[in-house]
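To start, the structure under review is shown below, and the notes come after it.
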Protein chains: 4
Amino acid sequence: MQTIKRLDLADAQVMLDAAVAKAQEIGVAMSIAVMDEGANLLAFARMDNSKITGISIAMDKCYTAAAARKATHELGEVSQPGGLVYGLNTCIGGRMVIVGGGLPVFVDGQPVGGIGVSSGTPTQDQEVAQAGIDALLDYLRNSD
Amino acid sequence: MQTIKRLDLADAQVMLDAAVAKAQEIGVAMSIAVMDEGANLLAFARMDNSKITGISIAMDKCYTAAAARKATHELGEVSQPGGLVYGLNTCIGGRMVIVGGGLPVFVDGQPVGGIGVSSGTPTQDQEVAQAGIDALLDYLRNSD
Amino acid sequence: MQTIKRLDLADAQVMLDAAVAKAQEIGVAMSIAVMDEGANLLAFARMDNSKITGISIAMDKCYTAAAARKATHELGEVSQPGGLVYGLNTCIGGRMVIVGGGLPVFVDGQPVGGIGVSSGTPTQDQEVAQAGIDALLDYLRNSD
Amino acid sequence: MQTIKRLDLADAQVMLDAAVAKAQEIGVAMSIAVMDEGANLLAFARMDNSKITGISIAMDKCYTAAAARKATHELGEVSQPGGLVYGLNTCIGGRMVIVGGGLPVFVDGQPVGGIGVSSGTPTQDQEVAQAGIDALLDYLRNSD
């Protein structure tokens with residue numbers, strides 16, 4: 001039997017709140033998804049007036065990051081024509097996303113979930129996702 | 001051009017919080033989804049230790065209620081063998097749900113979105129969804 | 001080689017216009033789809049303020065009627081538990097619809113397409129679909 | 001609660017008619033789809049003898065433009081290998097289209113829907129889509 005750690009709803013809410021705050025600071029309305037270690041959705045928020053496509057893309061970036069335990073922008077680098085995993089983005093019915101904005105979440109070196117953000121540029125999305133992770137790590141440190 | 005009203009993220013958050021509180025009161029961990037009038041997801045939360053199936057079922061109940069503007073338990077009544085819309089539940093690739101727990105949201109008689117809840121009994125799910133709607137209507141009254 | 005007859009866009013437009021007029025007369029906002037003999041979409045209209053679910057369901061009723069060359073309410077009768085084709089509605093990924101509102105179009109005894117209507121009761125939907133077919137047959141008689 | 005504007009069926013019909021007229025002028029039979037701000041289909045027409053693939057591609061170009069609020073040819077430019085959003089076209093189960101012919105519709109600076117055209121060259125498709133938008137803007141000016 002295994003005992004694993006993974007994100008819970010309170011963790012996900014901390015991440016969502018921080019990500020929404022960062023997106024507001026940047027000035028882009030975004031969709032944000034948080035999944036646990038099993039790549040199962042914990043929490044989601046779509047900011048007012050953000051793009052409809054952001055819903056699915058945020059979730060699939062989150063899925064990719066949580067389930068593959070890699071940042072989606074890193075997968076993008078190795079999925080270019082001629083790259084090691086060229087074609088990765090059509091796997092799992094296209095659910096694998098290789099555009100930046102999905103980040104895995106590691107705590108004490110263990111994969112515990114992921115966060116996916118969509119509707120800004122990939123760089124903005126990644127920045128918002130990172131804000132979610134930073135807030136989580138602060139929160140966990142303070143809960144100790 | 002049409003001008004319509006629909007739920008925003010603040011509304012959805014009010015609904016989620018009230019629904020989670022009601023689920024805690026009942027003592028069942030649930031998944032809860034809120035969509036706007038276009039049947040596009042606004043917010044979602046899965047309570048700790050709740051069923052994985054609840055994620056998709058809450059979303060599909062929410063979709064059904066928001067997009068068909070009917071409570072899913074009412075669709076269940078008319079979808080029985082021999083009923084008026086027997087077979088409805090396999091429409092839209094099975095996204096139509098006829099199990100209780102999805103409620104449309106009407107404000108001033110206009111459809112503005114939906115809420116879907118899963119993981120309890122259908123009656124519990126419906127009660128939790130109703131708690132979300134009740135909280136929204138209170139909130140809107142107080143915002144006037 | 002085969003030479004076949006099938007609906008064209010002008011025919012489909014005649015059917016859509018008559019169906020919309022009938023839906024307005026009934027007082028229910030509906031979605032209406034018309035496909036040709038190959039079960040490929042020719043024309044579609046969603047009336048203002050009609051249900052989102054009507055989009056997919058009208059198309060799938062239309063597909064079922066055009067492709068199976070049967071009225072969807074007739075398929076509903078033989079798809080009941082114990083019936084000859086019980087389970088038909090989950091075929092083709094759930095695209096087969098057994099709820100009334102889809103009608104095949106026959107001209108001179110030959111199947112030439114289908115019409116699918118959704119958002120009213122199945123009886124209303126079927127009535128609107130029939131209005132489309134009646135208008136087509138009138139139009140074809142007058143074009144001779 | 002949000003109050004938003006979006007296309008209605010009369011708007012969509014104006015767009016379809018103008019797009020069909022432009023396609024006839026160009027001399028290519030096309031498929032044309034119009035969606036509202038929620039990326040839900042309003043109206044569709046497939047011209048006689050046009051390609052079967054045009055049905056889905058027009059709809060998916062329309063979805064992409066309406067839901068991402070960007071022209072599909074612009075997404076194509078930034079989705080090239082090495083580009084900012086390389087891999088975007090396989091997102092949302094491949095529903096994201098990065099080939100020209102899908103245009104978002106903005107009225108008074110607000111996103112209100114989209115139009116998607118398929119079966120010509122991407123440049124022809126885009127020209128036909130633009131004819132639809134131009135006709136809409138004329139129509140709205142004259143309705144004031």
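Residues in the structure tokens are named by chain (A, B, ... in the order shown) and by number from 1 within that chain; ligands are numbered from 1 in the order shown.
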Inset, instruction - Check every residue of chain D for an atom within 10 Å of chain C, counting only C-alpha atoms, and provide those that qualify as a list in words. - result: Leu7, Asp8, Leu9, Ala10, Ala12, Gln13, Ser31, Ile32, Ala33, Val34, Met35, Gly38, Asn40, Leu41, Leu42, Ala43, Phe44, Ala45, Arg46, Met47, Asp48, Asn49, Ile52, Thr53, Ile55 and Ser56 of chain D
Please produce a file of those selected residues containing N, CA and C atoms, as an mmCIF file, in the first residue's frame.
data_model
loop_
_atom_site.group_PDB
_atom_site.id
_atom_site.type_symbol
_atom_site.label_atom_id
_atom_site.label_comp_id
_atom_site.auth_asym_id
_atom_site.auth_seq_id
_atom_site.Cartn_x
_atom_site.Cartn_y
_atom_site.Cartn_z
ATOM 1 N N LEU D 7 -24.603 38.593 -30.565
ATOM 2 C CA LEU D 7 -25.329 38.462 -31.834
ATOM 3 C C LEU D 7 -26.647 37.728 -31.628
ATOM 4 N N ASP D 8 -27.656 38.088 -32.413
ATOM 5 C CA ASP D 8 -28.901 37.316 -32.427
ATOM 6 C C ASP D 8 -29.086 36.689 -33.818
ATOM 7 N N LEU D 9 -30.199 35.972 -34.001
ATOM 8 C CA LEU D 9 -30.384 35.237 -35.259
ATOM 9 C C LEU D 9 -30.494 36.169 -36.457
ATOM 10 N N ALA D 10 -31.145 37.324 -36.286
ATOM 11 C CA ALA D 10 -31.271 38.273 -37.398
ATOM 12 C C ALA D 10 -29.891 38.768 -37.830
ATOM 13 N N ALA D 12 -27.087 37.153 -37.451
ATOM 14 C CA ALA D 12 -26.399 36.008 -38.068
ATOM 15 C C ALA D 12 -26.873 35.813 -39.507
ATOM 16 N N GLN D 13 -28.152 36.035 -39.732
ATOM 17 C CA GLN D 13 -28.701 35.848 -41.082
ATOM 18 C C GLN D 13 -28.140 36.904 -42.036
ATOM 19 N N SER D 31 -18.867 26.673 -46.854
ATOM 20 C CA SER D 31 -19.672 26.503 -45.647
ATOM 21 C C SER D 31 -19.398 27.689 -44.740
ATOM 22 N N ILE D 32 -20.457 28.201 -44.105
ATOM 23 C CA ILE D 32 -20.336 29.401 -43.275
ATOM 24 C C ILE D 32 -21.094 29.184 -41.962
ATOM 25 N N ALA D 33 -20.442 29.489 -40.846
ATOM 26 C CA ALA D 33 -21.075 29.341 -39.526
ATOM 27 C C ALA D 33 -20.970 30.650 -38.754
ATOM 28 N N VAL D 34 -22.001 30.944 -37.973
ATOM 29 C CA VAL D 34 -21.993 32.139 -37.117
ATOM 30 C C VAL D 34 -22.368 31.718 -35.693
ATOM 31 N N MET D 35 -21.553 32.122 -34.713
ATOM 32 C CA MET D 35 -21.829 31.827 -33.303
ATOM 33 C C MET D 35 -21.963 33.115 -32.506
ATOM 34 N N GLY D 38 -21.088 33.393 -26.556
ATOM 35 C CA GLY D 38 -20.831 32.208 -25.745
ATOM 36 C C GLY D 38 -20.305 31.043 -26.561
ATOM 37 N N ASN D 40 -21.795 29.591 -28.998
ATOM 38 C CA ASN D 40 -22.890 28.678 -29.320
ATOM 39 C C ASN D 40 -23.449 29.030 -30.701
ATOM 40 N N LEU D 41 -23.668 28.012 -31.544
ATOM 41 C CA LEU D 41 -24.061 28.212 -32.942
ATOM 42 C C LEU D 41 -25.400 28.945 -33.082
ATOM 43 N N LEU D 42 -25.419 29.928 -33.975
ATOM 44 C CA LEU D 42 -26.655 30.652 -34.287
ATOM 45 C C LEU D 42 -27.197 30.234 -35.652
ATOM 46 N N ALA D 43 -26.331 30.197 -36.662
ATOM 47 C CA ALA D 43 -26.809 29.896 -38.019
ATOM 48 C C ALA D 43 -25.670 29.320 -38.833
ATOM 49 N N PHE D 44 -26.045 28.507 -39.812
ATOM 50 C CA PHE D 44 -25.071 27.819 -40.654
ATOM 51 C C PHE D 44 -25.674 27.612 -42.032
ATOM 52 N N ALA D 45 -24.838 27.716 -43.062
ATOM 53 C CA ALA D 45 -25.271 27.375 -44.430
ATOM 54 C C ALA D 45 -24.112 26.742 -45.186
ATOM 55 N N ARG D 46 -24.416 25.664 -45.906
ATOM 56 C CA ARG D 46 -23.423 25.040 -46.794
ATOM 57 C C ARG D 46 -23.914 25.196 -48.224
ATOM 58 N N MET D 47 -23.124 25.831 -49.045
ATOM 59 C CA MET D 47 -23.513 26.072 -50.428
ATOM 60 C C MET D 47 -23.436 24.780 -51.241
ATOM 61 N N ASP D 48 -24.260 24.717 -52.262
ATOM 62 C CA ASP D 48 -24.352 23.490 -53.056
ATOM 63 C C ASP D 48 -22.998 23.100 -53.638
ATOM 64 N N ASN D 49 -22.732 21.800 -53.584
ATOM 65 C CA ASN D 49 -21.512 21.215 -54.159
ATOM 66 C C ASN D 49 -20.238 21.586 -53.411
ATOM 67 N N ILE D 52 -17.503 18.424 -48.006
ATOM 68 C CA ILE D 52 -18.063 17.925 -46.748
ATOM 69 C C ILE D 52 -17.216 18.396 -45.558
ATOM 70 N N THR D 53 -15.918 18.405 -45.717
ATOM 71 C CA THR D 53 -15.041 18.834 -44.626
ATOM 72 C C THR D 53 -15.325 20.265 -44.185
ATOM 73 N N ILE D 55 -17.989 21.659 -43.459
ATOM 74 C CA ILE D 55 -18.999 21.771 -42.395
ATOM 75 C C ILE D 55 -18.309 21.905 -41.035
ATOM 76 N N SER D 56 -17.505 20.912 -40.704
ATOM 77 C CA SER D 56 -16.838 20.921 -39.392
ATOM 78 C C SER D 56 -15.781 22.017 -39.302
#
Inset, instruction - Give me the residues within 12 Å of Gly83 in chain D as a list in words, counting only C-alpha atoms and dropping any in the same chain fewer than 3 places off. - result: His73, Gly76, Glu77, Ser79, Gln80, Pro81, Ile98, Val99, Gly100, Thr121 and Pro122 of chain A; Glu74, Leu75, Gly76, Glu77, Val78, Ser79, Gln80, Tyr86, Gly87 and Leu88 of chain D
Inset, instruction - Just the residues within 10 Å of Asp125 in chain D, please, counting only C-alpha atoms, with nothing from its chain fewer than 4 positions along; format it as a PyMOL selection string. - result: chain D and resi 19+22-23+28+30-32+58+99-103+116-121+129-131
Legend entry - Polymer residues at most 8 Å from Val97 in chain D, only C-alpha atoms, same-chain spacing of 3 or more positions, as a ChimeraX atom specification: /D:57,60-61,64,72,89,94
Legend entry - Members of chain A assigned strand (DSSP E or B) by DSSP, as a list in words: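 Secondary structure check on chain A, strand (DSSP E or B): Ser31, Ile32, Ala33, Val34, Met35, Asp36, Leu41, Leu42, Ala43, Phe44, Ala45, Arg46, Gly102, Leu103, Pro104, Val105, Phe106, Val107, Gln110, Pro111, Val112, Gly113, Gly114, Ile115, Gly116, Val117 and Ser118 of chain A.
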Legend entry - Among listed residues A:Met59, A:Ile4, A:Ala18, A:Val128, nearest Val107 in chain A (using only C-alpha atoms):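 Ranked by minimum distance to Val107 in chain A, first place goes to A:Ile4.
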Inset, instruction - Check the DSSP output for the backbone and give back, as number ranges by chain, the residues of chain B in helix (DSSP H, G or I). - result: B: 9-26, 53-68, 72-78, 88-90, 92-94, 122-143
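Each of C:Ser50, C:Ala65, C:Gln2, C:Ala21 was compared to Asp36 in chain C using only C-alpha atoms, and C:Ala65 turns out to be the nearest.
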Legend entry - Pairwise distance for CA of Gln124 in chain B and CA of Tyr139 in chain B, rounded to one decimal in Å: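 Interatomic distance here is 22.7 Å.
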